[in-house]
>>> print(open('protein31.txt').read())   # compact mmCIF, N, CA and C atoms
# COMPACT_ATOMS: atom_id res chain seq x y z
N MET A 179 72.27 85.06 100.52
CA MET A 179 73.14 85.99 101.21
C MET A 179 74.57 85.79 100.72
N ALA A 180 75.25 86.88 100.41
CA ALA A 180 76.63 86.82 99.93
C ALA A 180 77.58 86.59 101.09
N ALA A 181 78.62 85.81 100.82
CA ALA A 181 79.64 85.56 101.84
C ALA A 181 80.53 86.79 101.99
N GLU A 182 80.95 87.06 103.21
CA GLU A 182 81.87 88.17 103.45
C GLU A 182 83.27 87.77 103.00
N SER A 183 84.02 88.72 102.49
CA SER A 183 85.40 88.44 102.11
C SER A 183 86.29 89.57 102.59
N THR A 184 87.53 89.24 102.82
CA THR A 184 88.50 90.21 103.29
C THR A 184 89.76 90.05 102.47
N ALA A 185 90.31 91.16 102.01
CA ALA A 185 91.58 91.12 101.30
C ALA A 185 92.71 91.09 102.32
N VAL A 186 93.73 90.30 102.04
CA VAL A 186 94.88 90.18 102.94
C VAL A 186 96.14 90.36 102.13
N TYR A 187 97.02 91.24 102.60
CA TYR A 187 98.32 91.42 101.97
C TYR A 187 99.19 90.23 102.35
N VAL A 188 99.74 89.53 101.35
CA VAL A 188 100.62 88.39 101.58
C VAL A 188 102.04 88.82 101.24
N TYR A 189 102.93 88.76 102.24
CA TYR A 189 104.32 89.14 102.03
C TYR A 189 105.09 88.08 101.27
N GLY A 190 104.66 86.83 101.37
CA GLY A 190 105.35 85.77 100.65
C GLY A 190 104.73 84.41 100.92
N ILE A 191 105.02 83.48 100.02
CA ILE A 191 104.63 82.08 100.17
C ILE A 191 105.93 81.30 100.39
N VAL A 192 105.97 80.52 101.44
CA VAL A 192 107.20 79.83 101.86
C VAL A 192 106.88 78.39 102.24
N PRO A 193 107.92 77.54 102.42
CA PRO A 193 107.68 76.19 102.94
C PRO A 193 107.05 76.26 104.33
N ALA A 194 106.25 75.28 104.68
CA ALA A 194 105.50 75.28 105.95
C ALA A 194 106.40 75.25 107.19
N ASP A 195 107.65 74.84 107.06
CA ASP A 195 108.51 74.76 108.24
C ASP A 195 109.22 76.08 108.56
N VAL A 196 108.95 77.13 107.81
CA VAL A 196 109.56 78.44 108.05
C VAL A 196 108.94 79.08 109.29
N GLU A 197 109.76 79.70 110.11
CA GLU A 197 109.30 80.42 111.29
C GLU A 197 109.53 81.92 111.07
N SER A 198 108.63 82.73 111.54
CA SER A 198 108.79 84.18 111.47
C SER A 198 109.85 84.60 112.48
N GLN A 199 110.76 85.47 112.06
CA GLN A 199 111.81 85.96 112.95
C GLN A 199 111.26 87.10 113.81
N PRO A 200 111.70 87.22 115.06
CA PRO A 200 111.18 88.27 115.95
C PRO A 200 111.37 89.68 115.39
N HIS A 201 112.41 89.91 114.63
CA HIS A 201 112.68 91.24 114.09
C HIS A 201 111.98 91.50 112.75
N ALA A 202 111.28 90.51 112.20
CA ALA A 202 110.60 90.68 110.91
C ALA A 202 109.42 91.64 111.05
N THR A 203 109.36 92.62 110.19
CA THR A 203 108.26 93.57 110.21
C THR A 203 107.66 93.70 108.82
N GLY A 204 106.41 94.06 108.80
CA GLY A 204 105.71 94.26 107.54
C GLY A 204 105.74 95.72 107.13
N VAL A 205 104.76 96.09 106.31
CA VAL A 205 104.66 97.47 105.86
C VAL A 205 103.69 98.23 106.75
N GLY A 206 103.76 99.54 106.71
CA GLY A 206 102.84 100.35 107.49
C GLY A 206 103.60 101.35 108.34
N ASP A 207 102.85 102.21 108.98
CA ASP A 207 103.45 103.22 109.84
C ASP A 207 102.67 103.27 111.14
N PRO A 208 103.13 102.63 112.18
CA PRO A 208 104.39 101.89 112.28
C PRO A 208 104.26 100.49 111.65
N PRO A 209 105.37 99.92 111.24
CA PRO A 209 105.32 98.57 110.66
C PRO A 209 104.88 97.55 111.71
N GLY A 210 104.08 96.59 111.29
CA GLY A 210 103.59 95.57 112.22
C GLY A 210 104.40 94.29 112.15
N GLU A 211 104.10 93.38 113.05
CA GLU A 211 104.75 92.07 113.07
C GLU A 211 104.26 91.21 111.92
N VAL A 212 105.06 90.21 111.57
CA VAL A 212 104.73 89.27 110.52
C VAL A 212 104.33 87.94 111.16
N ALA A 213 103.29 87.32 110.65
CA ALA A 213 102.83 86.02 111.15
C ALA A 213 102.89 84.99 110.03
N VAL A 214 102.89 83.73 110.41
CA VAL A 214 102.90 82.62 109.46
C VAL A 214 101.58 81.87 109.58
N VAL A 215 100.92 81.66 108.43
CA VAL A 215 99.71 80.85 108.38
C VAL A 215 100.02 79.65 107.50
N ARG A 216 99.92 78.46 108.06
CA ARG A 216 100.31 77.23 107.35
C ARG A 216 99.12 76.47 106.79
N HIS A 217 99.38 75.81 105.66
CA HIS A 217 98.41 74.89 105.07
C HIS A 217 99.19 73.81 104.35
N ALA A 218 99.06 72.59 104.84
CA ALA A 218 99.79 71.45 104.26
C ALA A 218 101.29 71.76 104.22
N GLU A 219 101.90 71.76 103.04
CA GLU A 219 103.34 71.92 102.93
C GLU A 219 103.78 73.35 102.62
N ILE A 220 102.83 74.29 102.59
CA ILE A 220 103.19 75.68 102.32
C ILE A 220 102.66 76.59 103.43
N ALA A 221 103.16 77.81 103.44
CA ALA A 221 102.71 78.80 104.42
C ALA A 221 102.72 80.17 103.77
N ALA A 222 101.92 81.07 104.32
CA ALA A 222 101.89 82.46 103.87
C ALA A 222 102.39 83.35 104.99
N LEU A 223 103.19 84.35 104.63
CA LEU A 223 103.64 85.36 105.57
C LEU A 223 102.66 86.53 105.45
N ILE A 224 101.97 86.85 106.53
CA ILE A 224 100.93 87.88 106.52
C ILE A 224 101.10 88.79 107.72
N PRO A 225 100.40 89.93 107.73
CA PRO A 225 100.44 90.79 108.93
C PRO A 225 99.85 90.05 110.14
N ALA A 226 100.52 90.12 111.28
CA ALA A 226 100.07 89.41 112.49
C ALA A 226 98.69 89.88 112.92
N ARG A 227 98.36 91.15 112.73
CA ARG A 227 97.05 91.66 113.14
C ARG A 227 95.93 90.98 112.36
N VAL A 228 96.20 90.58 111.12
CA VAL A 228 95.19 89.87 110.32
C VAL A 228 94.96 88.49 110.89
N ARG A 229 96.04 87.78 111.24
CA ARG A 229 95.89 86.45 111.82
C ARG A 229 95.11 86.52 113.11
N ALA A 230 95.41 87.51 113.95
CA ALA A 230 94.72 87.65 115.22
C ALA A 230 93.23 87.95 115.00
N ALA A 231 92.92 88.78 114.01
CA ALA A 231 91.53 89.16 113.75
C ALA A 231 90.71 88.01 113.17
N THR A 232 91.37 87.11 112.44
CA THR A 232 90.63 86.00 111.82
C THR A 232 90.64 84.74 112.66
N GLY A 233 91.48 84.71 113.70
CA GLY A 233 91.51 83.54 114.57
C GLY A 233 92.32 82.37 114.04
N HIS A 234 93.12 82.60 112.99
CA HIS A 234 93.97 81.52 112.48
C HIS A 234 95.05 81.17 113.49
N ALA A 235 95.22 79.88 113.72
CA ALA A 235 96.30 79.43 114.62
C ALA A 235 97.62 79.49 113.89
N ARG A 236 98.69 79.49 114.64
CA ARG A 236 100.03 79.48 114.03
C ARG A 236 100.29 78.22 113.29
>>> encode(input="protein31.txt", output="structure tokens")
Amino acid sequence: MAAESTAVYVYGIVPADVESQPHATGVGDPPGEVAVVRHAEIAALIPARVRAATGHAR
């Protein structure tokens, strides 16, 4: 059985200590919120709806 995969738009790769600003928005109509997903010393800025759908913690 093949594993499921999902494409995710990444707005940027940043140091892990970066926090998303409340006014930060992504692309779309209407634009959505930006979330941070951390791993070790780096983090990815992604659409918040993707983080919520995948269950990734902040």
>>> closest_residue(input="protein31.txt", among="A:Val228, A:Ile220, A:Ala185, A:Val212", to="Ser198 in chain A", atoms="only C-alpha atoms")
A:Val212
>>> select_by_dssp(input="protein31.txt", residues="chain A", states="helix (DSSP H, G or I)", output="PyMOL selection string")
chain A and resi 226-232
>>> write_last_selection(input="protein31.txt", atoms="N, CA and C atoms", output="compact mmCIF listing (two decimals), in the frame of the given file")
# COMPACT_ATOMS: atom_id res chain seq x y z
N ALA A 226 100.52 90.12 111.28
CA ALA A 226 100.07 89.41 112.49
C ALA A 226 98.69 89.88 112.92
N ARG A 227 98.36 91.15 112.73
CA ARG A 227 97.05 91.66 113.14
C ARG A 227 95.93 90.98 112.36
N VAL A 228 96.20 90.58 111.12
CA VAL A 228 95.19 89.87 110.32
C VAL A 228 94.96 88.49 110.89
N ARG A 229 96.04 87.78 111.24
CA ARG A 229 95.89 86.45 111.82
C ARG A 229 95.11 86.52 113.11
N ALA A 230 95.41 87.51 113.95
CA ALA A 230 94.72 87.65 115.22
C ALA A 230 93.23 87.95 115.00
N ALA A 231 92.92 88.78 114.01
CA ALA A 231 91.53 89.16 113.75
C ALA A 231 90.71 88.01 113.17
N THR A 232 91.37 87.11 112.44
CA THR A 232 90.63 86.00 111.82
C THR A 232 90.64 84.74 112.66
>>> select_by_dssp(input="protein31.txt", residues="range 187-229 of chain A", states="strand (DSSP E)", output="ChimeraX atom specification")
/A:190-193,203-206,209-217,220-225
>>> atom_distance(input="protein31.txt", atom1="CA of Ile191 in chain A", atom2="CA of Asp207 in chain A")
23.3 Å
>>> atom_distance(input="protein31.txt", atom1="atom N of Arg227 in chain A", atom2="atom N of His201 in chain A")
14.2 Å
>>> atom_distance(input="protein31.txt", atom1="atom N of Pro209 in chain A", atom2="atom N of Glu182 in chain A")
28.7 Å
>>> residues_around(input="protein31.txt", residues="Glu219 in chain A", least_positions_apart="4", cutoff="9 Å", atoms="only C-alpha atoms", output="list in words")
Val192, Pro193, Ala194 and Asp195 of chain A
>>> residues_around(input="protein31.txt", residues="Ala222 in chain A", least_positions_apart="3", cutoff="7 Å", atoms="only C-alpha atoms", output="PDB file with N, CA and C atoms, in the coordinates of the input")
ATOM      1  N   VAL A 188      99.740  89.530 101.350  1.00  0.00           N
ATOM      2  CA  VAL A 188     100.620  88.390 101.580  1.00  0.00           C
ATOM      3  C   VAL A 188     102.040  88.820 101.240  1.00  0.00           C
ATOM      4  N   GLY A 190     104.660  86.830 101.370  1.00  0.00           N
ATOM      5  CA  GLY A 190     105.350  85.770 100.650  1.00  0.00           C
ATOM      6  C   GLY A 190     104.730  84.410 100.920  1.00  0.00           C
ATOM      7  N   ILE A 191     105.020  83.480 100.020  1.00  0.00           N
ATOM      8  CA  ILE A 191     104.630  82.080 100.170  1.00  0.00           C
ATOM      9  C   ILE A 191     105.930  81.300 100.390  1.00  0.00           C
ATOM     10  N   VAL A 192     105.970  80.520 101.440  1.00  0.00           N
ATOM     11  CA  VAL A 192     107.200  79.830 101.860  1.00  0.00           C
ATOM     12  C   VAL A 192     106.880  78.390 102.240  1.00  0.00           C
ATOM     13  N   VAL A 214     102.890  83.730 110.410  1.00  0.00           N
ATOM     14  CA  VAL A 214     102.900  82.620 109.460  1.00  0.00           C
ATOM     15  C   VAL A 214     101.580  81.870 109.580  1.00  0.00           C
ATOM     16  N   VAL A 215     100.920  81.660 108.430  1.00  0.00           N
ATOM     17  CA  VAL A 215      99.710  80.850 108.380  1.00  0.00           C
ATOM     18  C   VAL A 215     100.020  79.650 107.500  1.00  0.00           C
ATOM     19  N   ARG A 216      99.920  78.460 108.060  1.00  0.00           N
ATOM     20  CA  ARG A 216     100.310  77.230 107.350  1.00  0.00           C
ATOM     21  C   ARG A 216      99.120  76.470 106.790  1.00  0.00           C
TER      22      ARG A 216
END
>>> closest_residue(input="protein31.txt", among="A:Ser183, A:Tyr189, A:Glu197, A:Pro208", to="Pro225 in chain A", atoms="all atoms listed in the file")
A:Tyr189
>>> residues_around(input="protein31.txt", residues="Ala202 in chain A", least_positions_apart="2", cutoff="6 Å", atoms="all atoms listed in the file", output="PyMOL selection string")
chain A and resi 199-200+204+210-212
>>> build_atoms(input="protein31.txt", residues="range 219-230 of chain A", atoms="all heavy atoms", output="mmCIF file, keeping the file's coordinate frame")
data_model
loop_
_atom_site.group_PDB
_atom_site.id
_atom_site.type_symbol
_atom_site.label_atom_id
_atom_site.label_comp_id
_atom_site.auth_asym_id
_atom_site.auth_seq_id
_atom_site.Cartn_x
_atom_site.Cartn_y
_atom_site.Cartn_z
ATOM 1 N N GLU A 219 101.900 71.760 103.040
ATOM 2 C CA GLU A 219 103.340 71.920 102.930
ATOM 3 C C GLU A 219 103.780 73.350 102.620
ATOM 4 O O GLU A 219 104.961 73.593 102.407
ATOM 5 C CB GLU A 219 103.887 70.974 101.865
ATOM 6 C CG GLU A 219 103.709 69.517 102.244
ATOM 7 C CD GLU A 219 104.258 68.575 101.197
ATOM 8 O OE1 GLU A 219 104.969 69.024 100.279
ATOM 9 O OE2 GLU A 219 103.988 67.378 101.295
ATOM 10 N N ILE A 220 102.830 74.290 102.590
ATOM 11 C CA ILE A 220 103.190 75.680 102.320
ATOM 12 C C ILE A 220 102.660 76.590 103.430
ATOM 13 O O ILE A 220 101.837 76.180 104.239
ATOM 14 C CB ILE A 220 102.658 76.168 100.954
ATOM 15 C CG1 ILE A 220 101.124 76.146 100.930
ATOM 16 C CG2 ILE A 220 103.259 75.366 99.817
ATOM 17 C CD1 ILE A 220 100.530 76.801 99.699
ATOM 18 N N ALA A 221 103.160 77.810 103.440
ATOM 19 C CA ALA A 221 102.710 78.800 104.420
ATOM 20 C C ALA A 221 102.720 80.170 103.770
ATOM 21 O O ALA A 221 103.429 80.415 102.789
ATOM 22 C CB ALA A 221 103.630 78.788 105.632
ATOM 23 N N ALA A 222 101.920 81.070 104.320
ATOM 24 C CA ALA A 222 101.890 82.460 103.870
ATOM 25 C C ALA A 222 102.390 83.350 104.990
ATOM 26 O O ALA A 222 102.066 83.142 106.152
ATOM 27 C CB ALA A 222 100.471 82.861 103.482
ATOM 28 N N LEU A 223 103.190 84.350 104.630
ATOM 29 C CA LEU A 223 103.640 85.360 105.570
ATOM 30 C C LEU A 223 102.660 86.530 105.450
ATOM 31 O O LEU A 223 102.523 87.110 104.363
ATOM 32 C CB LEU A 223 105.061 85.819 105.248
ATOM 33 C CG LEU A 223 106.122 84.727 105.249
ATOM 34 C CD1 LEU A 223 107.454 85.289 104.774
ATOM 35 C CD2 LEU A 223 106.256 84.110 106.619
ATOM 36 N N ILE A 224 101.970 86.850 106.530
ATOM 37 C CA ILE A 224 100.930 87.880 106.520
ATOM 38 C C ILE A 224 101.100 88.790 107.720
ATOM 39 O O ILE A 224 101.824 88.461 108.665
ATOM 40 C CB ILE A 224 99.518 87.251 106.526
ATOM 41 C CG1 ILE A 224 99.270 86.500 107.841
ATOM 42 C CG2 ILE A 224 99.310 86.345 105.323
ATOM 43 C CD1 ILE A 224 97.826 86.114 108.061
ATOM 44 N N PRO A 225 100.400 89.930 107.730
ATOM 45 C CA PRO A 225 100.440 90.790 108.930
ATOM 46 C C PRO A 225 99.850 90.050 110.140
ATOM 47 O O PRO A 225 98.801 89.415 110.036
ATOM 48 C CB PRO A 225 99.564 91.984 108.533
ATOM 49 C CG PRO A 225 99.561 91.986 107.036
ATOM 50 C CD PRO A 225 99.652 90.549 106.637
ATOM 51 N N ALA A 226 100.520 90.120 111.280
ATOM 52 C CA ALA A 226 100.070 89.410 112.490
ATOM 53 C C ALA A 226 98.690 89.880 112.920
ATOM 54 O O ALA A 226 97.895 89.094 113.424
ATOM 55 C CB ALA A 226 101.083 89.598 113.612
ATOM 56 N N ARG A 227 98.360 91.150 112.730
ATOM 57 C CA ARG A 227 97.050 91.660 113.140
ATOM 58 C C ARG A 227 95.930 90.980 112.360
ATOM 59 O O ARG A 227 94.848 90.793 112.873
ATOM 60 C CB ARG A 227 96.971 93.171 112.992
ATOM 61 C CG ARG A 227 97.103 93.648 111.585
ATOM 62 C CD ARG A 227 96.945 95.160 111.478
ATOM 63 N NE ARG A 227 97.281 95.616 110.152
ATOM 64 C CZ ARG A 227 96.542 95.399 109.069
ATOM 65 N NH1 ARG A 227 95.417 94.729 109.154
ATOM 66 N NH2 ARG A 227 96.927 95.844 107.885
ATOM 67 N N VAL A 228 96.200 90.580 111.120
ATOM 68 C CA VAL A 228 95.190 89.870 110.320
ATOM 69 C C VAL A 228 94.960 88.490 110.890
ATOM 70 O O VAL A 228 93.826 88.053 111.041
ATOM 71 C CB VAL A 228 95.624 89.786 108.834
ATOM 72 C CG1 VAL A 228 94.681 88.887 108.045
ATOM 73 C CG2 VAL A 228 95.709 91.168 108.225
ATOM 74 N N ARG A 229 96.040 87.780 111.240
ATOM 75 C CA ARG A 229 95.890 86.450 111.820
ATOM 76 C C ARG A 229 95.110 86.520 113.110
ATOM 77 O O ARG A 229 94.223 85.726 113.377
ATOM 78 C CB ARG A 229 97.242 85.787 112.060
ATOM 79 C CG ARG A 229 97.053 84.309 112.455
ATOM 80 C CD ARG A 229 98.291 83.669 112.984
ATOM 81 N NE ARG A 229 98.610 84.279 114.255
ATOM 82 C CZ ARG A 229 99.824 84.440 114.694
ATOM 83 N NH1 ARG A 229 100.856 84.035 114.000
ATOM 84 N NH2 ARG A 229 100.047 85.008 115.858
ATOM 85 N N ALA A 230 95.410 87.510 113.950
ATOM 86 C CA ALA A 230 94.720 87.650 115.220
ATOM 87 C C ALA A 230 93.230 87.950 115.000
ATOM 88 O O ALA A 230 92.365 87.430 115.703
ATOM 89 C CB ALA A 230 95.352 88.767 116.046
#
